[in-house]
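Asker: File upload06.txt below, compact mmCIF, N, CA and C atoms:
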```
# COMPACT_ATOMS: atom_id res chain seq x y z
N MET A 57 -7.03 -11.45 -17.80
CA MET A 57 -7.10 -10.54 -16.68
C MET A 57 -5.95 -9.55 -16.77
N ALA A 58 -6.25 -8.29 -16.54
CA ALA A 58 -5.24 -7.24 -16.54
C ALA A 58 -4.78 -6.98 -15.11
N HIS A 59 -3.66 -6.27 -15.01
CA HIS A 59 -3.11 -5.89 -13.72
C HIS A 59 -2.95 -4.37 -13.68
N TRP A 60 -3.08 -3.84 -12.47
CA TRP A 60 -3.03 -2.40 -12.28
C TRP A 60 -2.28 -2.07 -11.00
N LEU A 61 -2.03 -0.78 -10.81
CA LEU A 61 -1.47 -0.27 -9.57
C LEU A 61 -2.24 1.00 -9.22
N VAL A 62 -2.66 1.09 -7.96
CA VAL A 62 -3.28 2.32 -7.45
C VAL A 62 -2.44 2.83 -6.30
N LYS A 63 -2.48 4.15 -6.12
CA LYS A 63 -1.67 4.79 -5.09
C LYS A 63 -2.54 5.52 -4.09
N SER A 64 -2.13 5.44 -2.84
CA SER A 64 -2.75 6.25 -1.80
C SER A 64 -1.73 6.50 -0.70
N GLU A 65 -1.75 7.69 -0.17
CA GLU A 65 -0.92 7.96 1.00
C GLU A 65 -1.53 7.19 2.16
N PRO A 66 -0.71 6.47 2.93
CA PRO A 66 -1.26 5.68 4.02
C PRO A 66 -2.03 6.51 5.06
N SER A 67 -1.66 7.77 5.23
CA SER A 67 -2.39 8.62 6.18
C SER A 67 -3.77 9.02 5.65
N VAL A 68 -3.97 8.90 4.33
CA VAL A 68 -5.25 9.23 3.72
C VAL A 68 -6.13 7.98 3.66
N TYR A 69 -5.58 6.89 3.09
CA TYR A 69 -6.34 5.63 3.03
C TYR A 69 -5.33 4.49 2.84
N SER A 70 -5.03 3.80 3.91
CA SER A 70 -4.00 2.76 3.89
C SER A 70 -4.57 1.42 3.46
N PHE A 71 -3.67 0.50 3.12
CA PHE A 71 -4.10 -0.86 2.80
C PHE A 71 -4.77 -1.49 4.02
N ASP A 72 -4.26 -1.22 5.20
CA ASP A 72 -4.89 -1.74 6.43
C ASP A 72 -6.33 -1.27 6.55
N GLN A 73 -6.59 -0.02 6.16
CA GLN A 73 -7.97 0.49 6.20
C GLN A 73 -8.83 -0.23 5.18
N LEU A 74 -8.28 -0.51 4.01
CA LEU A 74 -9.02 -1.26 3.00
C LEU A 74 -9.38 -2.65 3.54
N VAL A 75 -8.43 -3.30 4.20
CA VAL A 75 -8.70 -4.61 4.79
C VAL A 75 -9.82 -4.50 5.83
N LYS A 76 -9.74 -3.48 6.66
CA LYS A 76 -10.75 -3.28 7.70
C LYS A 76 -12.13 -3.02 7.08
N ASP A 77 -12.16 -2.19 6.03
CA ASP A 77 -13.43 -1.82 5.38
C ASP A 77 -13.99 -2.93 4.49
N LYS A 78 -13.13 -3.86 4.07
CA LYS A 78 -13.48 -4.99 3.18
C LYS A 78 -13.69 -4.59 1.72
N SER A 79 -13.93 -3.32 1.43
CA SER A 79 -13.99 -2.80 0.07
C SER A 79 -14.06 -1.28 0.15
N THR A 80 -13.80 -0.63 -0.99
CA THR A 80 -13.91 0.82 -1.04
C THR A 80 -14.20 1.27 -2.45
N VAL A 81 -14.72 2.47 -2.56
CA VAL A 81 -14.89 3.15 -3.84
C VAL A 81 -13.57 3.87 -4.12
N TRP A 82 -12.96 3.59 -5.28
CA TRP A 82 -11.73 4.28 -5.65
C TRP A 82 -12.16 5.50 -6.46
N SER A 83 -12.29 6.63 -5.77
CA SER A 83 -12.87 7.83 -6.37
C SER A 83 -11.93 9.01 -6.19
N GLY A 84 -12.33 10.15 -6.74
CA GLY A 84 -11.56 11.37 -6.58
C GLY A 84 -10.39 11.52 -7.54
N VAL A 85 -10.27 10.63 -8.50
CA VAL A 85 -9.18 10.69 -9.48
C VAL A 85 -9.50 11.80 -10.48
N ARG A 86 -8.59 12.75 -10.63
CA ARG A 86 -8.83 13.88 -11.52
C ARG A 86 -7.69 14.06 -12.52
N ASN A 87 -7.25 12.97 -13.08
CA ASN A 87 -6.22 12.98 -14.10
C ASN A 87 -6.77 12.18 -15.28
N TYR A 88 -6.65 12.73 -16.48
CA TYR A 88 -7.27 12.09 -17.65
C TYR A 88 -6.67 10.72 -17.97
N ALA A 89 -5.35 10.59 -17.85
CA ALA A 89 -4.73 9.28 -18.12
C ALA A 89 -5.18 8.26 -17.08
N ALA A 90 -5.19 8.66 -15.81
CA ALA A 90 -5.64 7.75 -14.75
C ALA A 90 -7.11 7.37 -14.96
N ARG A 91 -7.91 8.33 -15.41
CA ARG A 91 -9.33 8.05 -15.68
C ARG A 91 -9.46 6.97 -16.76
N LEU A 92 -8.66 7.05 -17.80
CA LEU A 92 -8.70 6.02 -18.84
C LEU A 92 -8.37 4.64 -18.27
N HIS A 93 -7.41 4.60 -17.36
CA HIS A 93 -7.06 3.33 -16.73
C HIS A 93 -8.19 2.82 -15.86
N LEU A 94 -8.82 3.71 -15.09
CA LEU A 94 -9.98 3.29 -14.29
C LEU A 94 -11.05 2.68 -15.18
N ARG A 95 -11.29 3.32 -16.31
CA ARG A 95 -12.32 2.83 -17.22
C ARG A 95 -11.93 1.53 -17.90
N GLY A 96 -10.65 1.23 -17.92
CA GLY A 96 -10.17 -0.02 -18.49
C GLY A 96 -10.21 -1.20 -17.53
N MET A 97 -10.41 -0.93 -16.26
CA MET A 97 -10.43 -1.99 -15.25
C MET A 97 -11.68 -2.85 -15.39
N LYS A 98 -11.48 -4.15 -15.28
CA LYS A 98 -12.59 -5.11 -15.36
C LYS A 98 -12.72 -5.86 -14.05
N LYS A 99 -13.93 -6.29 -13.75
CA LYS A 99 -14.18 -7.05 -12.53
C LYS A 99 -13.26 -8.26 -12.50
N GLY A 100 -12.58 -8.44 -11.37
CA GLY A 100 -11.64 -9.55 -11.20
C GLY A 100 -10.20 -9.18 -11.48
N ASP A 101 -9.94 -8.04 -12.13
CA ASP A 101 -8.56 -7.62 -12.37
C ASP A 101 -7.85 -7.43 -11.02
N GLU A 102 -6.57 -7.75 -11.01
CA GLU A 102 -5.77 -7.61 -9.79
C GLU A 102 -5.07 -6.25 -9.77
N VAL A 103 -4.90 -5.72 -8.56
CA VAL A 103 -4.39 -4.37 -8.38
C VAL A 103 -3.34 -4.35 -7.29
N PHE A 104 -2.14 -3.85 -7.62
CA PHE A 104 -1.16 -3.59 -6.56
C PHE A 104 -1.60 -2.34 -5.82
N TYR A 105 -1.46 -2.37 -4.50
CA TYR A 105 -1.80 -1.23 -3.64
C TYR A 105 -0.49 -0.60 -3.19
N TYR A 106 -0.25 0.62 -3.61
CA TYR A 106 1.01 1.32 -3.37
C TYR A 106 0.80 2.45 -2.38
N HIS A 107 1.61 2.46 -1.32
CA HIS A 107 1.59 3.57 -0.37
C HIS A 107 2.55 4.64 -0.90
N SER A 108 2.02 5.79 -1.21
CA SER A 108 2.84 6.87 -1.77
C SER A 108 3.23 7.88 -0.70
N ASN A 109 4.27 8.62 -1.00
CA ASN A 109 4.79 9.72 -0.18
C ASN A 109 5.29 9.29 1.19
N GLU A 110 4.56 8.46 1.91
CA GLU A 110 4.98 8.03 3.24
C GLU A 110 5.34 6.54 3.18
N GLY A 111 6.52 6.24 2.73
CA GLY A 111 6.94 4.86 2.64
C GLY A 111 7.26 4.40 1.23
N THR A 112 6.51 4.81 0.27
CA THR A 112 6.69 4.45 -1.15
C THR A 112 6.95 2.96 -1.36
N ASP A 113 5.96 2.15 -0.99
CA ASP A 113 6.05 0.70 -1.12
C ASP A 113 4.75 0.14 -1.70
N ILE A 114 4.90 -0.93 -2.51
CA ILE A 114 3.75 -1.74 -2.86
C ILE A 114 3.55 -2.67 -1.67
N VAL A 115 2.39 -2.60 -1.03
CA VAL A 115 2.19 -3.32 0.23
C VAL A 115 1.16 -4.44 0.14
N GLY A 116 0.30 -4.40 -0.88
CA GLY A 116 -0.74 -5.41 -0.94
C GLY A 116 -1.33 -5.57 -2.32
N ILE A 117 -2.25 -6.52 -2.40
CA ILE A 117 -2.98 -6.81 -3.63
C ILE A 117 -4.47 -6.66 -3.35
N ALA A 118 -5.13 -5.98 -4.25
CA ALA A 118 -6.58 -5.85 -4.20
C ALA A 118 -7.14 -6.38 -5.52
N LYS A 119 -8.46 -6.39 -5.64
CA LYS A 119 -9.08 -6.78 -6.91
C LYS A 119 -10.24 -5.84 -7.19
N VAL A 120 -10.53 -5.68 -8.46
CA VAL A 120 -11.66 -4.86 -8.89
C VAL A 120 -12.93 -5.67 -8.66
N ILE A 121 -13.88 -5.09 -7.92
CA ILE A 121 -15.14 -5.80 -7.69
C ILE A 121 -16.32 -5.11 -8.37
N LYS A 122 -16.11 -3.87 -8.85
CA LYS A 122 -17.14 -3.18 -9.62
C LYS A 122 -16.45 -2.30 -10.64
N GLU A 123 -16.83 -2.46 -11.90
CA GLU A 123 -16.22 -1.71 -12.99
C GLU A 123 -16.64 -0.24 -12.97
N ALA A 124 -16.00 0.55 -13.80
CA ALA A 124 -16.14 2.01 -13.81
C ALA A 124 -17.59 2.48 -13.86
N TYR A 125 -17.86 3.48 -13.04
CA TYR A 125 -19.16 4.15 -12.99
C TYR A 125 -18.93 5.61 -12.61
N GLN A 126 -19.98 6.41 -12.66
CA GLN A 126 -19.89 7.83 -12.32
C GLN A 126 -19.29 8.02 -10.93
N ASP A 127 -18.24 8.82 -10.85
CA ASP A 127 -17.59 9.10 -9.57
C ASP A 127 -18.59 9.80 -8.64
N PRO A 128 -18.88 9.20 -7.49
CA PRO A 128 -19.88 9.79 -6.59
C PRO A 128 -19.40 11.04 -5.86
N THR A 129 -18.12 11.41 -6.01
CA THR A 129 -17.61 12.59 -5.31
C THR A 129 -17.79 13.87 -6.14
N THR A 130 -18.39 13.73 -7.34
CA THR A 130 -18.60 14.91 -8.19
C THR A 130 -19.84 14.72 -9.05
N ASP A 131 -20.43 15.84 -9.43
CA ASP A 131 -21.56 15.80 -10.36
C ASP A 131 -21.08 15.84 -11.81
N ASP A 132 -19.79 16.06 -11.99
CA ASP A 132 -19.20 16.13 -13.33
C ASP A 132 -19.10 14.72 -13.90
N ASP A 133 -19.85 14.44 -14.94
CA ASP A 133 -19.92 13.08 -15.48
C ASP A 133 -18.68 12.65 -16.27
N ARG A 134 -17.67 13.50 -16.31
CA ARG A 134 -16.43 13.11 -16.99
C ARG A 134 -15.56 12.19 -16.13
N TRP A 135 -15.85 12.07 -14.84
CA TRP A 135 -14.98 11.34 -13.93
C TRP A 135 -15.59 10.03 -13.49
N SER A 136 -14.74 9.03 -13.33
CA SER A 136 -15.18 7.66 -13.03
C SER A 136 -14.57 7.16 -11.72
N ALA A 137 -15.18 6.13 -11.20
CA ALA A 137 -14.69 5.43 -10.00
C ALA A 137 -14.86 3.93 -10.24
N VAL A 138 -14.13 3.13 -9.47
CA VAL A 138 -14.31 1.68 -9.44
C VAL A 138 -14.35 1.27 -7.98
N ASP A 139 -14.82 0.07 -7.71
CA ASP A 139 -14.77 -0.47 -6.36
C ASP A 139 -13.69 -1.54 -6.32
N ILE A 140 -12.92 -1.54 -5.24
CA ILE A 140 -11.89 -2.56 -5.05
C ILE A 140 -12.05 -3.20 -3.67
N ALA A 141 -11.53 -4.41 -3.56
CA ALA A 141 -11.54 -5.15 -2.29
C ALA A 141 -10.15 -5.74 -2.07
N PRO A 142 -9.74 -5.90 -0.81
CA PRO A 142 -8.41 -6.45 -0.55
C PRO A 142 -8.36 -7.94 -0.88
N VAL A 143 -7.21 -8.39 -1.34
CA VAL A 143 -6.95 -9.81 -1.54
C VAL A 143 -6.00 -10.29 -0.45
N ARG A 144 -4.83 -9.65 -0.37
CA ARG A 144 -3.87 -10.01 0.68
C ARG A 144 -2.75 -8.98 0.75
N ARG A 145 -2.13 -8.94 1.90
CA ARG A 145 -0.92 -8.14 2.09
C ARG A 145 0.24 -8.91 1.47
N LEU A 146 1.18 -8.21 0.86
CA LEU A 146 2.36 -8.88 0.33
C LEU A 146 3.22 -9.39 1.49
N LYS A 147 3.89 -10.51 1.26
CA LYS A 147 4.77 -11.09 2.27
C LYS A 147 5.80 -10.06 2.72
N ASN A 148 6.39 -9.38 1.75
CA ASN A 148 7.35 -8.31 2.01
C ASN A 148 6.99 -7.12 1.13
N PRO A 149 6.85 -5.92 1.68
CA PRO A 149 6.59 -4.76 0.84
C PRO A 149 7.71 -4.58 -0.18
N VAL A 150 7.38 -4.06 -1.34
CA VAL A 150 8.37 -3.82 -2.39
C VAL A 150 8.49 -2.30 -2.55
N SER A 151 9.69 -1.81 -2.26
CA SER A 151 9.91 -0.36 -2.26
C SER A 151 10.14 0.17 -3.68
N LEU A 152 9.88 1.45 -3.82
CA LEU A 152 10.17 2.13 -5.09
C LEU A 152 11.65 2.01 -5.41
N GLU A 153 12.50 2.08 -4.40
CA GLU A 153 13.95 1.93 -4.61
C GLU A 153 14.27 0.57 -5.22
N GLN A 154 13.65 -0.50 -4.71
CA GLN A 154 13.87 -1.84 -5.26
C GLN A 154 13.44 -1.91 -6.71
N ILE A 155 12.29 -1.32 -7.00
CA ILE A 155 11.76 -1.36 -8.36
C ILE A 155 12.68 -0.59 -9.31
N LYS A 156 13.11 0.59 -8.90
CA LYS A 156 14.01 1.40 -9.74
C LYS A 156 15.36 0.72 -9.93
N ALA A 157 15.81 -0.04 -8.95
CA ALA A 157 17.11 -0.71 -9.03
C ALA A 157 17.06 -1.99 -9.86
N ASP A 158 15.88 -2.54 -10.07
CA ASP A 158 15.75 -3.80 -10.80
C ASP A 158 15.85 -3.53 -12.30
N LYS A 159 16.86 -4.07 -12.93
CA LYS A 159 17.12 -3.82 -14.35
C LYS A 159 16.03 -4.38 -15.27
N ARG A 160 15.14 -5.20 -14.72
CA ARG A 160 14.04 -5.74 -15.51
C ARG A 160 12.83 -4.81 -15.55
N LEU A 161 12.85 -3.73 -14.76
CA LEU A 161 11.65 -2.89 -14.61
C LEU A 161 11.83 -1.42 -15.03
N PRO A 162 12.72 -1.11 -15.99
CA PRO A 162 12.90 0.31 -16.33
C PRO A 162 11.69 0.93 -17.02
N ASP A 163 10.86 0.10 -17.61
CA ASP A 163 9.71 0.62 -18.34
C ASP A 163 8.41 0.60 -17.54
N MET A 164 8.47 0.14 -16.29
CA MET A 164 7.27 0.10 -15.47
C MET A 164 6.74 1.52 -15.29
N ALA A 165 5.43 1.70 -15.39
CA ALA A 165 4.83 3.03 -15.29
C ALA A 165 5.22 3.72 -13.99
N LEU A 166 5.36 2.96 -12.91
CA LEU A 166 5.73 3.54 -11.62
C LEU A 166 7.09 4.24 -11.70
N VAL A 167 7.96 3.76 -12.57
CA VAL A 167 9.28 4.35 -12.76
C VAL A 167 9.20 5.51 -13.77
N ARG A 168 8.51 5.29 -14.87
CA ARG A 168 8.45 6.28 -15.96
C ARG A 168 7.54 7.46 -15.67
N ILE A 169 6.35 7.19 -15.14
CA ILE A 169 5.37 8.25 -14.89
C ILE A 169 4.86 8.11 -13.46
N GLY A 170 5.76 8.28 -12.54
CA GLY A 170 5.53 7.98 -11.14
C GLY A 170 4.38 8.71 -10.48
N ARG A 171 4.00 9.87 -10.97
CA ARG A 171 2.95 10.64 -10.30
C ARG A 171 1.55 10.15 -10.65
N LEU A 172 1.42 9.30 -11.65
CA LEU A 172 0.10 8.82 -12.07
C LEU A 172 -0.50 7.91 -11.01
N SER A 173 -1.71 8.21 -10.56
CA SER A 173 -2.30 7.52 -9.41
C SER A 173 -2.96 6.18 -9.74
N VAL A 174 -3.24 5.93 -11.00
CA VAL A 174 -3.78 4.65 -11.45
C VAL A 174 -3.01 4.28 -12.71
N GLN A 175 -2.37 3.11 -12.69
CA GLN A 175 -1.46 2.74 -13.77
C GLN A 175 -1.63 1.28 -14.17
N PRO A 176 -1.35 0.98 -15.42
CA PRO A 176 -1.34 -0.42 -15.83
C PRO A 176 -0.03 -1.08 -15.38
N VAL A 177 -0.07 -2.37 -15.16
CA VAL A 177 1.11 -3.18 -14.83
C VAL A 177 1.07 -4.37 -15.79
N THR A 178 2.16 -4.61 -16.50
CA THR A 178 2.18 -5.75 -17.42
C THR A 178 2.26 -7.05 -16.64
N ASP A 179 1.92 -8.15 -17.30
CA ASP A 179 2.02 -9.47 -16.66
C ASP A 179 3.45 -9.73 -16.20
N ARG A 180 4.41 -9.39 -17.03
CA ARG A 180 5.83 -9.59 -16.68
C ARG A 180 6.20 -8.78 -15.44
N GLU A 181 5.80 -7.50 -15.41
CA GLU A 181 6.09 -6.65 -14.25
C GLU A 181 5.42 -7.19 -12.99
N TRP A 182 4.20 -7.68 -13.13
CA TRP A 182 3.46 -8.24 -12.00
C TRP A 182 4.25 -9.39 -11.39
N LYS A 183 4.72 -10.31 -12.24
CA LYS A 183 5.47 -11.47 -11.76
C LYS A 183 6.78 -11.06 -11.09
N ILE A 184 7.46 -10.07 -11.65
CA ILE A 184 8.73 -9.62 -11.07
C ILE A 184 8.49 -8.99 -9.70
N VAL A 185 7.47 -8.16 -9.58
CA VAL A 185 7.18 -7.52 -8.28
C VAL A 185 6.83 -8.59 -7.24
N LEU A 186 6.05 -9.57 -7.64
CA LEU A 186 5.72 -10.66 -6.71
C LEU A 186 6.99 -11.40 -6.28
N GLU A 187 7.91 -11.60 -7.22
CA GLU A 187 9.19 -12.24 -6.90
C GLU A 187 9.96 -11.39 -5.89
N LEU A 188 10.00 -10.08 -6.11
CA LEU A 188 10.68 -9.17 -5.19
C LEU A 188 10.04 -9.19 -3.80
N ALA A 189 8.75 -9.47 -3.76
CA ALA A 189 8.02 -9.53 -2.49
C ALA A 189 8.20 -10.87 -1.78
N GLY A 190 8.92 -11.80 -2.43
CA GLY A 190 9.14 -13.11 -1.83
C GLY A 190 7.96 -14.06 -2.03
N GLU A 191 7.18 -13.79 -3.08
CA GLU A 191 6.02 -14.63 -3.37
C GLU A 191 6.23 -15.36 -4.68
N LYS A 192 5.48 -16.44 -4.86
CA LYS A 192 5.61 -17.20 -6.11
C LYS A 192 4.67 -16.69 -7.16
```
Would you write out, as structure tokens, the structure that this file holds?

Answerer:
Amino acid sequence: MAHWLVKSEPSVYSFDQLVKDKSTVWSGVRNYAARLHLRGMKKGDEVFYYHSNEGTDIVGIAKVIKEAYQDPTTDDDRWSAVDIAPVRRLKNPVSLEQIKADKRLPDMALVRIGRLSVQPVTDREWKIVLELAGEK
């Protein structure tokens, strides 16, 4: 199983809204690198949910429930979407500041290429972030 991180501004689509909706189409991604990551997602993969711009925290965990398909927000077949569902809110949100300050995470995509809206997360990074969140 692979791990990923997706970003959304909480005023646009928050983790709380995902919990309320029970699932969502992750669509509207218009970056080629992010598109490759969407296409790499497999059913069951775990996803950190990151609130960007307003708070800059990893706040929850979701999972991929439907693999890449034609993005329904465009007729352009170059773009893909996946469906995700909430798993749980993190015990403690993990801020971008915490991640940048952790000497074990200098290579995390969130630090290196912060603007990318869909990113891979290594198994090691996943475990460290969970540790920072106060989870086992």

Asker: Of the candidates A:Val115, A:Ala89, A:Val177, A:Ile121, which shows the shortest atom-to-atom distance to Ala58 (chain A), using all atoms listed in the file?

Answerer: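 Closest to Ala58 (chain A) of all the choices is A:Val177.
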
Asker: Looking at A:Glu102, A:Ser70, A:Asp133, A:His107, which one is nearest to Val120 (chain A), with distances taken over all atoms listed in the file?

Answerer: A:Glu102

Asker: Which protein, DNA or RNA residues are at most 8 Å from (10.7, -2.5, 0.3) in the file's coordinates when you count all atoms listed in the file, listed as a ChimeraX atom specification?

Answerer: /A:111-114,148-155,188

Asker: Please report, as a ChimeraX atom specification, each residue of chain A to which DSSP assigns helix (DSSP H, G or I) when run on this structure's backbone.

Answerer: /A:66-69,71-77,88-96,152-157,165-168,179-188

Asker: Quick one: of A:Gly190, A:Pro128, A:Gly96, A:Gly116, who's nearest to Val143 (chain A), counting only C-alpha atoms?

Answerer: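 Ranking A:Gly190, A:Pro128, A:Gly96, A:Gly116 by distance to Val143 (chain A), first place goes to A:Gly116.
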
Asker: Within 5 Å of region 79-82 of chain A, counting all atoms listed in the file, which residues qualify if same-chain residues fewer than 6 places away don't, as an MDAnalysis selection string?

Answerer: chainID A and resid 137:141

Asker: Going by DSSP on the backbone, which residues of chain A come out as strand (DSSP E or B)? List them as a VMD selection string.

Answerer: chain A and resid 59 to 64 80 to 82 102 to 107 113 to 126 136 to 151 174 to 177
